[in-house]
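K.L.:
Dropping in protein20.txt, which is compact mmCIF, C-alpha atoms and all ligand atoms:
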```
# COMPACT_ATOMS: atom_id res chain seq x y z
CA PRO A 1 43.38 -25.85 -23.73
CA TYR A 2 40.58 -23.33 -23.10
CA VAL A 3 38.86 -21.17 -25.62
CA ILE A 4 37.80 -17.94 -24.00
CA LYS A 5 35.02 -16.27 -25.87
CA VAL A 6 35.04 -12.52 -25.53
CA VAL A 7 31.53 -11.14 -25.81
CA ASP A 8 31.67 -8.06 -27.89
CA ARG A 9 28.34 -6.29 -27.73
CA SER A 10 27.17 -3.92 -30.38
CA LEU A 11 25.98 -0.42 -29.51
CA GLU A 12 22.47 -1.58 -30.28
CA GLU A 13 22.74 -4.46 -27.83
CA ASN A 14 24.00 -2.07 -25.16
CA LEU A 15 21.10 0.30 -25.73
CA MET A 16 18.66 -2.59 -25.39
CA ASP A 17 20.13 -3.58 -22.02
CA LEU A 18 17.81 -1.46 -19.86
CA TRP A 19 17.46 -1.99 -16.12
CA TYR A 20 15.28 -0.30 -13.51
CA THR A 21 17.42 0.13 -10.42
CA GLU A 22 16.34 1.30 -6.97
CA ASN A 23 18.84 2.05 -4.22
CA HIS A 24 17.50 0.11 -1.26
CA GLN A 25 20.50 1.33 0.72
CA GLU A 26 23.46 3.52 -0.22
CA ASP A 27 25.42 0.37 -1.13
CA THR A 28 22.58 -2.04 -1.96
CA LYS A 29 20.63 -1.97 -5.18
CA PHE A 30 17.64 -3.85 -6.55
CA SER A 31 17.29 -4.16 -10.33
CA ILE A 32 14.75 -5.47 -12.80
CA LYS A 33 15.54 -5.97 -16.45
CA VAL A 34 13.28 -3.71 -18.45
CA GLN A 35 11.81 -4.71 -21.79
CA GLU A 36 10.16 -1.38 -22.35
CA HIS A 37 10.07 2.00 -20.64
CA MET A 38 6.44 2.63 -21.46
CA HIS A 39 5.86 6.09 -20.03
CA SER A 40 7.64 8.88 -18.19
CA GLU A 41 6.29 12.20 -16.99
CA LYS A 42 6.55 14.73 -14.22
CA SER A 43 3.13 15.49 -12.72
CA ASP A 44 2.40 18.42 -10.40
CA PHE A 45 3.33 16.14 -7.49
CA GLN A 46 5.93 13.59 -8.55
CA GLN A 47 7.90 11.82 -11.27
CA ILE A 48 5.86 8.93 -12.72
CA ASP A 49 7.32 6.05 -14.75
CA PHE A 50 5.84 2.86 -16.19
CA PHE A 51 7.96 -0.12 -17.25
CA ARG A 52 7.40 -3.61 -18.57
CA SER A 53 9.47 -6.59 -17.49
CA GLU A 54 9.40 -10.33 -17.98
CA THR A 55 9.32 -11.39 -14.32
CA PHE A 56 7.14 -8.68 -12.75
CA GLY A 57 5.00 -7.66 -15.72
CA THR A 58 4.05 -3.99 -15.92
CA PHE A 59 5.15 -1.92 -12.95
CA PHE A 60 5.23 1.75 -12.00
CA THR A 61 7.42 3.96 -9.87
CA LEU A 62 6.94 7.36 -8.22
CA ASP A 63 10.04 9.51 -7.79
CA GLY A 64 12.05 6.39 -8.65
CA TYR A 65 10.49 4.22 -5.90
CA MET A 66 8.63 1.00 -6.70
CA MET A 67 4.88 1.25 -6.13
CA VAL A 68 3.11 -1.65 -7.84
CA THR A 69 4.01 -4.57 -10.05
CA GLU A 70 1.49 -6.69 -11.85
CA LYS A 71 2.87 -9.92 -10.36
CA ASP A 72 3.10 -9.16 -6.65
CA GLU A 73 0.39 -6.52 -6.15
CA PHE A 74 -2.03 -9.20 -4.90
CA ILE A 75 0.01 -9.57 -1.71
CA TYR A 76 -0.17 -5.89 -0.75
CA HIS A 77 -3.82 -5.42 -1.73
CA ASP A 78 -4.99 -8.63 -0.02
CA MET A 79 -3.26 -7.64 3.19
CA ILE A 80 -4.42 -4.03 3.34
CA THR A 81 -8.07 -5.04 2.75
CA HIS A 82 -8.99 -8.47 4.07
CA ILE A 83 -7.43 -8.12 7.54
CA PRO A 84 -9.84 -5.36 8.66
CA MET A 85 -12.76 -6.91 6.74
CA ALA A 86 -12.36 -10.21 8.62
CA VAL A 87 -12.27 -8.35 11.94
CA ASN A 88 -15.51 -6.50 11.09
CA PRO A 89 -17.32 -7.97 8.07
CA LYS A 90 -20.14 -5.44 8.70
CA ILE A 91 -18.05 -2.52 7.48
CA LYS A 92 -20.15 -0.32 5.18
CA LYS A 93 -18.32 2.98 4.64
CA VAL A 94 -14.70 3.02 3.57
CA LEU A 95 -12.22 5.82 2.98
CA ILE A 96 -9.13 5.00 0.88
CA ILE A 97 -6.32 7.55 0.95
CA GLY A 98 -3.85 7.28 -1.92
CA GLY A 99 -3.95 3.96 -3.74
CA GLY A 100 -4.13 5.58 -7.19
CA ASP A 101 -3.44 2.27 -8.94
CA GLY A 102 -6.91 1.09 -7.82
CA GLY A 103 -5.85 -2.26 -6.33
CA THR A 104 -7.14 -1.46 -2.85
CA ALA A 105 -10.47 -0.19 -4.21
CA ARG A 106 -10.78 -3.36 -6.34
CA GLU A 107 -10.42 -5.60 -3.26
CA VAL A 108 -12.75 -3.52 -1.07
CA LEU A 109 -15.46 -3.50 -3.75
CA ARG A 110 -15.54 -7.30 -3.76
CA TYR A 111 -17.64 -7.14 -0.56
CA PRO A 112 -21.32 -6.80 -1.48
CA SER A 113 -22.06 -5.38 2.00
CA ILE A 114 -19.94 -2.29 1.39
CA GLU A 115 -22.06 0.72 0.51
CA VAL A 116 -19.69 3.66 0.18
CA VAL A 117 -16.06 3.86 -0.93
CA ASP A 118 -14.51 7.32 -1.04
CA MET A 119 -11.05 7.28 -2.57
CA VAL A 120 -8.84 10.35 -2.16
CA GLU A 121 -5.77 10.37 -4.39
CA ILE A 122 -3.63 13.50 -4.58
CA ASP A 123 -2.40 12.87 -8.12
CA GLU A 124 -5.01 12.35 -10.85
CA ARG A 125 -2.23 11.45 -13.31
CA VAL A 126 -1.44 8.26 -11.33
CA VAL A 127 -5.05 7.12 -11.72
CA ARG A 128 -5.30 8.00 -15.41
CA LEU A 129 -2.00 6.28 -16.26
CA CYS A 130 -2.88 3.17 -14.26
CA GLN A 131 -6.18 3.00 -16.14
CA GLN A 132 -4.14 2.97 -19.31
CA TYR A 133 -1.22 0.72 -18.35
CA LEU A 134 -2.36 -1.31 -15.32
CA PRO A 135 -5.96 -2.38 -15.99
CA LEU A 136 -5.45 -5.33 -13.62
CA THR A 137 -5.51 -2.95 -10.64
CA ALA A 138 -7.42 0.03 -12.07
CA SER A 139 -10.32 -1.74 -13.77
CA GLN A 140 -12.90 -1.07 -11.04
CA LEU A 141 -12.21 2.67 -10.79
CA ASP A 142 -14.85 3.64 -13.32
CA GLN A 143 -17.13 0.61 -12.96
CA ASP A 144 -18.73 0.68 -9.55
CA LYS A 145 -21.34 3.23 -8.47
CA ARG A 146 -20.41 2.82 -4.79
CA LEU A 147 -17.00 4.41 -5.46
CA THR A 148 -16.36 8.17 -5.60
CA LEU A 149 -12.94 9.46 -6.61
CA TYR A 150 -11.59 12.72 -5.15
CA PHE A 151 -8.39 14.25 -6.44
CA GLU A 152 -7.07 16.08 -3.42
CA ASP A 153 -4.72 15.83 -0.46
CA GLY A 154 -5.83 13.12 1.98
CA LEU A 155 -4.68 15.26 4.90
CA LYS A 156 -7.06 18.04 3.92
CA PHE A 157 -9.88 15.60 3.11
CA VAL A 158 -9.92 14.09 6.63
CA GLN A 159 -9.77 17.57 8.19
CA GLU A 160 -13.05 18.38 6.48
CA ALA A 161 -14.83 15.00 6.80
CA ASP A 162 -17.74 14.48 9.25
CA ASP A 163 -17.28 12.97 12.71
CA GLY A 164 -17.84 9.22 12.96
CA TYR A 165 -18.77 8.70 9.30
CA TYR A 166 -16.38 5.93 8.17
CA ASP A 167 -16.06 2.36 9.47
CA LEU A 168 -12.68 1.84 7.84
CA ILE A 169 -9.82 4.04 6.64
CA LEU A 170 -7.14 2.48 4.43
CA VAL A 171 -4.05 4.64 4.08
CA ASP A 172 -2.44 3.29 0.92
CA SER A 173 0.24 5.94 0.73
CA THR A 174 3.74 6.52 -0.51
CA ASP A 175 6.59 6.79 1.98
CA PRO A 176 6.84 9.84 4.26
CA ILE A 177 8.82 11.91 1.78
CA GLY A 178 7.13 14.09 -0.85
CA PRO A 179 3.31 14.24 -1.01
CA GLY A 180 2.90 11.34 1.46
CA GLU A 181 4.60 13.18 4.34
CA GLY A 182 1.42 14.67 5.84
CA LEU A 183 -0.13 11.19 6.09
CA PHE A 184 2.41 10.24 8.78
CA THR A 185 1.58 13.07 11.22
CA VAL A 186 -0.25 13.16 14.57
CA ALA A 187 -2.69 15.74 13.12
CA PHE A 188 -3.64 13.25 10.39
CA TYR A 189 -4.06 10.30 12.80
CA ASN A 190 -6.21 12.45 15.12
CA ASN A 191 -8.50 13.37 12.26
CA CYS A 192 -8.72 9.72 11.22
CA LYS A 193 -9.81 8.86 14.73
CA ARG A 194 -12.42 11.62 14.71
CA VAL A 195 -13.97 10.61 11.36
CA LEU A 196 -14.08 6.91 12.29
CA SER A 197 -17.18 5.41 13.92
CA GLU A 198 -16.94 3.65 17.31
CA GLU A 199 -16.43 0.43 15.32
CA GLY A 200 -13.72 2.12 13.27
CA ILE A 201 -10.46 0.59 12.01
CA LEU A 202 -7.44 2.37 10.51
CA ILE A 203 -4.92 0.49 8.37
CA ASN A 204 -1.81 2.28 7.20
CA GLN A 205 1.21 1.57 5.03
CA HIS A 206 3.82 1.11 7.75
CA GLU A 207 7.24 0.86 6.06
CA SER A 208 9.77 -1.93 6.68
CA PRO A 209 11.60 -3.06 9.82
CA TYR A 210 14.77 -4.26 8.12
CA TYR A 211 16.85 -1.41 6.72
CA GLU A 212 17.51 1.32 9.28
CA SER A 213 16.22 4.23 7.18
CA TYR A 214 12.83 2.50 6.77
CA ALA A 215 12.77 1.15 10.34
CA HIS A 216 13.23 4.70 11.58
CA GLU A 217 10.04 5.80 9.77
CA MET A 218 8.21 2.71 10.95
CA LYS A 219 9.02 3.49 14.60
CA ARG A 220 8.00 7.11 14.21
CA ALA A 221 4.67 6.14 12.68
CA HIS A 222 4.02 3.53 15.35
CA SER A 223 4.73 5.85 18.27
CA LYS A 224 2.27 8.42 16.90
CA ILE A 225 -0.52 5.91 16.19
CA LYS A 226 -0.03 4.30 19.62
CA GLU A 227 -0.62 7.72 21.19
CA THR A 228 -3.81 8.23 19.21
CA PHE A 229 -5.66 4.88 19.27
CA PRO A 230 -6.48 2.50 22.16
CA VAL A 231 -5.57 -0.53 19.99
CA SER A 232 -2.43 -0.26 17.85
CA LYS A 233 -0.78 -3.32 16.29
CA VAL A 234 1.55 -4.04 13.40
CA TYR A 235 1.41 -6.95 10.94
CA GLN A 236 3.81 -8.23 8.32
CA PHE A 237 3.83 -9.60 4.79
CA HIS A 238 6.31 -10.44 2.04
CA MET A 239 6.66 -8.01 -0.81
CA PRO A 240 9.33 -9.18 -3.28
CA THR A 241 9.77 -5.75 -4.91
CA TYR A 242 9.87 -3.51 -1.80
CA PRO A 243 13.15 -2.84 0.05
CA SER A 244 14.25 -6.01 1.92
CA GLY A 245 11.02 -7.76 0.85
CA HIS A 246 9.69 -7.50 4.41
CA TRP A 247 6.88 -4.96 4.75
CA LEU A 248 4.35 -3.90 7.38
CA PHE A 249 0.88 -2.47 7.80
CA GLY A 250 -0.42 -0.86 10.98
CA PHE A 251 -3.79 -1.88 12.46
CA ALA A 252 -5.37 0.68 14.78
CA SER A 253 -8.87 0.80 16.18
CA LYS A 254 -11.08 2.18 18.89
CA LYS A 255 -12.11 -1.24 20.22
CA TYR A 256 -11.39 -4.21 17.98
CA ASP A 257 -8.42 -6.46 18.62
CA PRO A 258 -7.25 -7.87 15.28
CA ILE A 259 -6.72 -11.40 16.61
CA LYS A 260 -9.35 -11.83 19.36
CA ASP A 261 -12.08 -10.27 17.25
CA ILE A 262 -11.49 -12.05 13.93
CA LYS A 263 -14.74 -13.55 12.56
CA VAL A 264 -13.25 -16.68 11.00
CA ASP A 265 -16.48 -18.47 10.07
CA GLU A 266 -18.29 -15.34 8.98
CA TRP A 267 -15.42 -14.27 6.70
CA ASN A 268 -14.95 -17.74 5.20
CA ALA A 269 -18.68 -17.99 4.53
CA LEU A 270 -18.42 -14.95 2.26
CA GLY A 271 -16.53 -17.15 -0.22
CA ILE A 272 -14.09 -14.43 -1.25
CA GLU A 273 -11.24 -16.11 -3.12
CA THR A 274 -7.79 -14.79 -2.30
CA LYS A 275 -4.31 -15.69 -3.41
CA TYR A 276 -2.38 -14.54 -0.29
CA TYR A 277 -4.77 -13.88 2.58
CA ASN A 278 -6.47 -16.59 4.63
CA THR A 279 -7.80 -16.59 8.18
CA ASP A 280 -4.86 -18.67 9.53
CA LEU A 281 -2.35 -16.25 8.03
CA HIS A 282 -4.41 -13.44 9.59
CA VAL A 283 -3.42 -14.61 13.05
CA GLY A 284 0.14 -15.49 12.04
CA CYS A 285 0.99 -12.16 10.47
CA PHE A 286 0.68 -10.36 13.81
CA MET A 287 3.39 -12.66 15.29
CA LEU A 288 6.47 -10.54 14.82
CA PRO A 289 10.18 -11.41 14.86
CA THR A 290 11.92 -10.54 18.13
CA TYR A 291 13.93 -7.65 16.66
CA VAL A 292 10.75 -6.08 15.28
CA ARG A 293 8.96 -6.44 18.62
CA LYS A 294 11.87 -4.66 20.28
CA GLN A 295 11.79 -1.83 17.74
CA LEU A 296 8.07 -1.34 18.39
CA ASP A 297 8.43 -1.55 22.19
CA ASN A 298 11.06 1.16 22.04
CA ALA A 299 9.11 3.32 19.60
N1 LIG B 1 -1.28 0.28 -3.90
C1 LIG B 1 0.10 0.49 -3.63
C2 LIG B 1 0.56 1.74 -4.24
C3 LIG B 1 0.97 2.82 -3.54
S1 LIG B 1 0.82 4.30 -4.34
C4 LIG B 1 0.48 5.47 -3.13
C5 LIG B 1 -0.34 6.62 -3.68
O1 LIG B 1 -0.48 7.60 -2.65
C6 LIG B 1 0.26 7.36 -4.88
O2 LIG B 1 -0.59 7.23 -5.98
C7 LIG B 1 0.35 8.82 -4.42
O3 LIG B 1 0.05 9.75 -5.44
C8 LIG B 1 -0.67 8.85 -3.29
N2 LIG B 1 -0.46 9.93 -2.30
C9 LIG B 1 0.70 10.38 -1.78
N3 LIG B 1 0.48 11.37 -0.92
C10 LIG B 1 -0.86 11.56 -0.85
C11 LIG B 1 -1.71 12.45 -0.13
N4 LIG B 1 -1.19 13.36 0.69
N5 LIG B 1 -3.05 12.37 -0.32
C12 LIG B 1 -3.57 11.45 -1.17
N6 LIG B 1 -2.82 10.57 -1.87
C13 LIG B 1 -1.48 10.62 -1.73
C14 LIG B 1 1.62 2.69 -2.22
C15 LIG B 1 3.02 2.27 -2.40
C16 LIG B 1 3.73 1.99 -1.10
C17 LIG B 1 5.20 2.04 -1.33
C18 LIG B 1 5.95 1.52 -0.18
N7 LIG B 1 7.36 1.66 -0.39
```
Write out the structure in this file as structure tokens.
P.N.:
Amino acid sequence: PYVIKVVDRSLEENLMDLWYTENHQEDTKFSIKVQEHMHSEKSDFQQIDFFRSETFGTFFTLDGYMMVTEKDEFIYHDMITHIPMAVNPKIKKVLIIGGGDGGTAREVLRYPSIEVVDMVEIDERVVRLCQQYLPLTASQLDQDKRLTLYFEDGLKFVQEADDGYYDLILVDSTDPIGPGEGLFTVAFYNNCKRVLSEEGILINQHESPYYESYAHEMKRAHSKIKETFPVSKVYQFHMPTYPSGHWLFGFASKKYDPIKDIKVDEWNALGIETKYYNTDLHVGCFMLPTYVRKQLDNA
């Protein structure tokens, strides 16, 4: 009564069936069907790969971990940038650490009031390859006179920077393994505090609360930042391609509270169009699930 069709694939069809797979846990994987593996190289710092897919467009990985996809990068770059800018729209001098794809710089440079953006990326190859394969994020990196690119370790850069110079530091870093490790240390946070003005705000890539291995790093980072800054909060957003899809940034400052000090009218008057961020979400994203609150309280 039934005709069972056995699908017999040719060798060619098998070779075409490429998937990018990331182990989110030992026993849990996340995969994207790949149309083309566009580039692969080992730089002085890390393994870099670029892929193209139907659903997420072009994306790139470092040491096998997802960094940026064309389709969901707006979420991450909106949230790292517009939160601090709405708390202090008078920010003039910005330091970006990491962020080689250029998405964070692109968002920051949308504010006409910003005068200086120093971007310190350890790996020049990430920048050059993103300029080639991800123009959507990298397009501003050689366009705007306010931006200066430095290819060096962010840890060393903040050690040597002047006291009180920056109004905002955005740590757009990889996870605390490999070159990103030093950006999750007390020495680094102390230098960030020193080079920030009295108005200063620090935002940092803060891992995920959901899977234990990431939550462990998140708690470690939080306990160190809490020790260093008078105000230290965490906010959340949804990142479809990062482990568990639930990701965090840290907000630390010398005096500003991210909710009480938001300048709703002033920010909205700037007329900056965003796809994810808005000033209602700004307040909401600091409201954390109970299990996350507990993790942070115990950090
Ligand atoms: N915009 C989101 C993309 C990133 S990439 C993070 C960048 O940080 C990489 O280009 C990497 O080369 C750079 N980096 C790592 N360590 C350092 C360092 N010590 N100094 C300067 N730059 C550094 C973030 C992805 C987040 C992924 C979350 N899972």
K.L.:
Using only the atoms of ligand LIG 1 (chain B) listed in the file, plus 8 Å on each side, state the axis-aligned box centre and edge lengths in Å rounded to one decimal, as AutoDock Vina command-line options.
P.N.:
```
--center_x 1.9 --center_y 6.8 --center_z -2.6 --size_x 26.9 --size_y 29.1 --size_z 22.7
```
K.L.:
Using all atoms listed in the file, give me every residue within 12 Å of (0.1, 18.3, 8.8) in file coordinates, as a ChimeraX atom specification.
P.N.:
/A:153-159,176,179-191
K.L.:
Could you name the residues that touch A:Arg220 at 12 Å or less, counting all atoms listed in the file, but leaving out those on the same chain fewer than 4 positions away, as a VMD selection string?
P.N.:
chain A and resid 176 184 to 186 206 to 209 213 to 216 224 to 227 295 to 299
K.L.:
Do you know which residues are within 6 Å of ligand LIG 1 (chain B) using all atoms listed in the file? Can you write them as a count of residues only?
P.N.:
25
K.L.:
To one decimal place, how far is atom CA of A:Asp167 from atom CA of A:Val94 in Å?
P.N.:
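Separation of atom CA of A:Asp167 and atom CA of A:Val94: 6.1 Å.
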K.L.:
Report, in Å with one decimal, the straight-line distance from atom CA of A:Lys93 to atom CA of A:Leu196.
P.N.:
9.6 Å
K.L.:
Atom CA of A:Phe59 to atom CA of A:Pro240: how many Å, to one decimal?
P.N.:
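Distance reported for this atom pair: 12.8 Å.
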K.L.:
Which is closest to A:Val195 among A:Glu160, A:Glu217, A:Asp44, A:Asp63, if we use only C-alpha atoms?
P.N.:
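Closest to A:Val195, using only C-alpha atoms: A:Glu160.
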K.L.:
Could you pull the residues within 9 Å of A:Gly64, counting only C-alpha atoms, minus those fewer than 6 positions along the same chain, as number ranges by chain?
P.N.:
A: 20-22, 47-49
K.L.:
May I have the residues at most 7 Å from (-16.6, 2.8, 3.6) in the file's coordinates, counting all atoms listed in the file, as a list in words?
P.N.:
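These residues have at least one counted atom within 7 Å: Ile91, Lys92, Lys93, Val94, Leu95, Ile114, Glu115, Val116, Val117, Asp118, Tyr166, Asp167 and Leu168 of chain A.
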K.L.:
Using all atoms listed in the file for the distances, tell me which of A:Leu147, A:Leu141, A:Val264, A:Met16 is nearest to A:Gln35.
P.N.:
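For A:Gln35, the nearest of the candidates is A:Met16.
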K.L.:
Pick out the closest residue to A:Pro135 from this set: A:Thr148, A:Gln205, A:Asn278, A:Thr69. Count all atoms listed in the file.
P.N.:
A:Thr69
K.L.:
Within 9 Å of A:Trp19, counting all atoms listed in the file, which residues qualify if same-chain residues fewer than 2 places away don't, as a count of residues only?
P.N.:
7
K.L.:
Go through A:Met66, A:Ala221, A:Leu15, A:Met79 and flag the residue nearest A:Leu281, using all atoms listed in the file for the distances.
P.N.:
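The closest residue to A:Leu281 is A:Met79.
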K.L.:
Pick out the closest residue to A:Phe237 from this set: A:Leu288, A:Val108, A:Ile201, A:Leu129. Count all atoms listed in the file.
P.N.:
A:Leu288
K.L.:
Taking 6 positions as the minimum chain separation for residues in the same chain, which residues sit within 10 Å of A:Pro84 when counting all atoms listed in the file? Answer as a list of chain:residue names.
P.N.:
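Once the adjacent positions are removed, what remains is A:Ile91, A:Asp167, A:Leu168, A:Ile169, A:Leu170, A:Gly200, A:Ile201, A:Leu202, A:Ile203, A:Phe251, A:Ala252, A:Ser253, A:Tyr256, A:Pro258, A:Ile262, A:His282.
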K.L.:
Could you please fill out stretch 149-177 of chain A with N, CA and C atoms and send it back as an mmCIF file, keeping the file's coordinate frame?
P.N.:
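Below is the file selection.cif, written as the result:
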```cif
data_model
loop_
_atom_site.group_PDB
_atom_site.id
_atom_site.type_symbol
_atom_site.label_atom_id
_atom_site.label_comp_id
_atom_site.auth_asym_id
_atom_site.auth_seq_id
_atom_site.Cartn_x
_atom_site.Cartn_y
_atom_site.Cartn_z
ATOM 1 N N LEU A 149 -14.349 9.060 -6.587
ATOM 2 C CA LEU A 149 -12.940 9.460 -6.610
ATOM 3 C C LEU A 149 -12.809 10.948 -6.310
ATOM 4 N N TYR A 150 -11.904 11.307 -5.428
ATOM 5 C CA TYR A 150 -11.590 12.720 -5.150
ATOM 6 C C TYR A 150 -10.116 12.923 -5.437
ATOM 7 N N PHE A 151 -9.802 13.968 -6.198
ATOM 8 C CA PHE A 151 -8.390 14.250 -6.440
ATOM 9 C C PHE A 151 -7.969 15.401 -5.552
ATOM 10 N N GLU A 152 -7.557 15.065 -4.349
ATOM 11 C CA GLU A 152 -7.070 16.080 -3.420
ATOM 12 C C GLU A 152 -6.179 15.457 -2.360
ATOM 13 N N ASP A 153 -5.626 16.299 -1.512
ATOM 14 C CA ASP A 153 -4.720 15.830 -0.460
ATOM 15 C C ASP A 153 -5.525 15.120 0.637
ATOM 16 N N GLY A 154 -5.141 13.893 0.956
ATOM 17 C CA GLY A 154 -5.830 13.120 1.980
ATOM 18 C C GLY A 154 -5.841 13.812 3.338
ATOM 19 N N LEU A 155 -4.795 14.533 3.626
ATOM 20 C CA LEU A 155 -4.680 15.260 4.900
ATOM 21 C C LEU A 155 -5.804 16.286 5.019
ATOM 22 N N LYS A 156 -6.025 17.018 3.944
ATOM 23 C CA LYS A 156 -7.060 18.040 3.920
ATOM 24 C C LYS A 156 -8.445 17.374 3.934
ATOM 25 N N PHE A 157 -8.585 16.288 3.191
ATOM 26 C CA PHE A 157 -9.880 15.600 3.110
ATOM 27 C C PHE A 157 -10.362 15.163 4.499
ATOM 28 N N VAL A 158 -9.471 14.553 5.299
ATOM 29 C CA VAL A 158 -9.920 14.090 6.630
ATOM 30 C C VAL A 158 -10.172 15.255 7.582
ATOM 31 N N GLN A 159 -9.500 16.379 7.357
ATOM 32 C CA GLN A 159 -9.770 17.570 8.190
ATOM 33 C C GLN A 159 -11.209 18.018 8.021
ATOM 34 N N GLU A 160 -11.717 17.850 6.804
ATOM 35 C CA GLU A 160 -13.050 18.380 6.480
ATOM 36 C C GLU A 160 -14.162 17.337 6.567
ATOM 37 N N ALA A 161 -13.805 16.061 6.773
ATOM 38 C CA ALA A 161 -14.830 15.000 6.800
ATOM 39 C C ALA A 161 -15.615 15.031 8.115
ATOM 40 N N ASP A 162 -16.860 14.469 8.067
ATOM 41 C CA ASP A 162 -17.740 14.480 9.250
ATOM 42 C C ASP A 162 -17.287 13.493 10.320
ATOM 43 N N ASP A 163 -17.587 13.836 11.561
ATOM 44 C CA ASP A 163 -17.280 12.970 12.710
ATOM 45 C C ASP A 163 -17.962 11.604 12.545
ATOM 46 N N GLY A 164 -17.247 10.549 12.843
ATOM 47 C CA GLY A 164 -17.840 9.220 12.960
ATOM 48 C C GLY A 164 -18.455 8.632 11.701
ATOM 49 N N TYR A 165 -18.108 9.147 10.530
ATOM 50 C CA TYR A 165 -18.770 8.700 9.300
ATOM 51 C C TYR A 165 -18.250 7.357 8.771
ATOM 52 N N TYR A 166 -16.951 7.137 8.805
ATOM 53 C CA TYR A 166 -16.380 5.930 8.170
ATOM 54 C C TYR A 166 -16.190 4.781 9.174
ATOM 55 N N ASP A 167 -16.337 3.559 8.664
ATOM 56 C CA ASP A 167 -16.060 2.360 9.470
ATOM 57 C C ASP A 167 -14.628 1.893 9.273
ATOM 58 N N LEU A 168 -14.022 2.320 8.170
ATOM 59 C CA LEU A 168 -12.680 1.840 7.840
ATOM 60 C C LEU A 168 -11.932 2.901 7.039
ATOM 61 N N ILE A 169 -10.695 3.177 7.440
ATOM 62 C CA ILE A 169 -9.820 4.040 6.640
ATOM 63 C C ILE A 169 -8.591 3.224 6.234
ATOM 64 N N LEU A 170 -8.318 3.184 4.939
ATOM 65 C CA LEU A 170 -7.140 2.480 4.430
ATOM 66 C C LEU A 170 -6.161 3.518 3.886
ATOM 67 N N VAL A 171 -5.030 3.665 4.549
ATOM 68 C CA VAL A 171 -4.050 4.640 4.080
ATOM 69 C C VAL A 171 -3.025 3.902 3.203
ATOM 70 N N ASP A 172 -3.272 3.976 1.916
ATOM 71 C CA ASP A 172 -2.440 3.290 0.920
ATOM 72 C C ASP A 172 -1.525 4.347 0.307
ATOM 73 N N SER A 173 -0.536 4.747 1.091
ATOM 74 C CA SER A 173 0.240 5.940 0.730
ATOM 75 C C SER A 173 1.675 5.616 0.352
ATOM 76 N N THR A 174 2.297 6.587 -0.274
ATOM 77 C CA THR A 174 3.740 6.520 -0.510
ATOM 78 C C THR A 174 4.472 6.689 0.822
ATOM 79 N N ASP A 175 5.784 6.644 0.777
ATOM 80 C CA ASP A 175 6.590 6.790 1.980
ATOM 81 C C ASP A 175 6.550 8.245 2.469
ATOM 82 N N PRO A 176 6.967 8.479 3.726
ATOM 83 C CA PRO A 176 6.840 9.840 4.260
ATOM 84 C C PRO A 176 7.859 10.859 3.731
ATOM 85 N N ILE A 177 8.059 10.847 2.433
ATOM 86 C CA ILE A 177 8.820 11.910 1.780
ATOM 87 C C ILE A 177 7.978 12.359 0.583
#
```
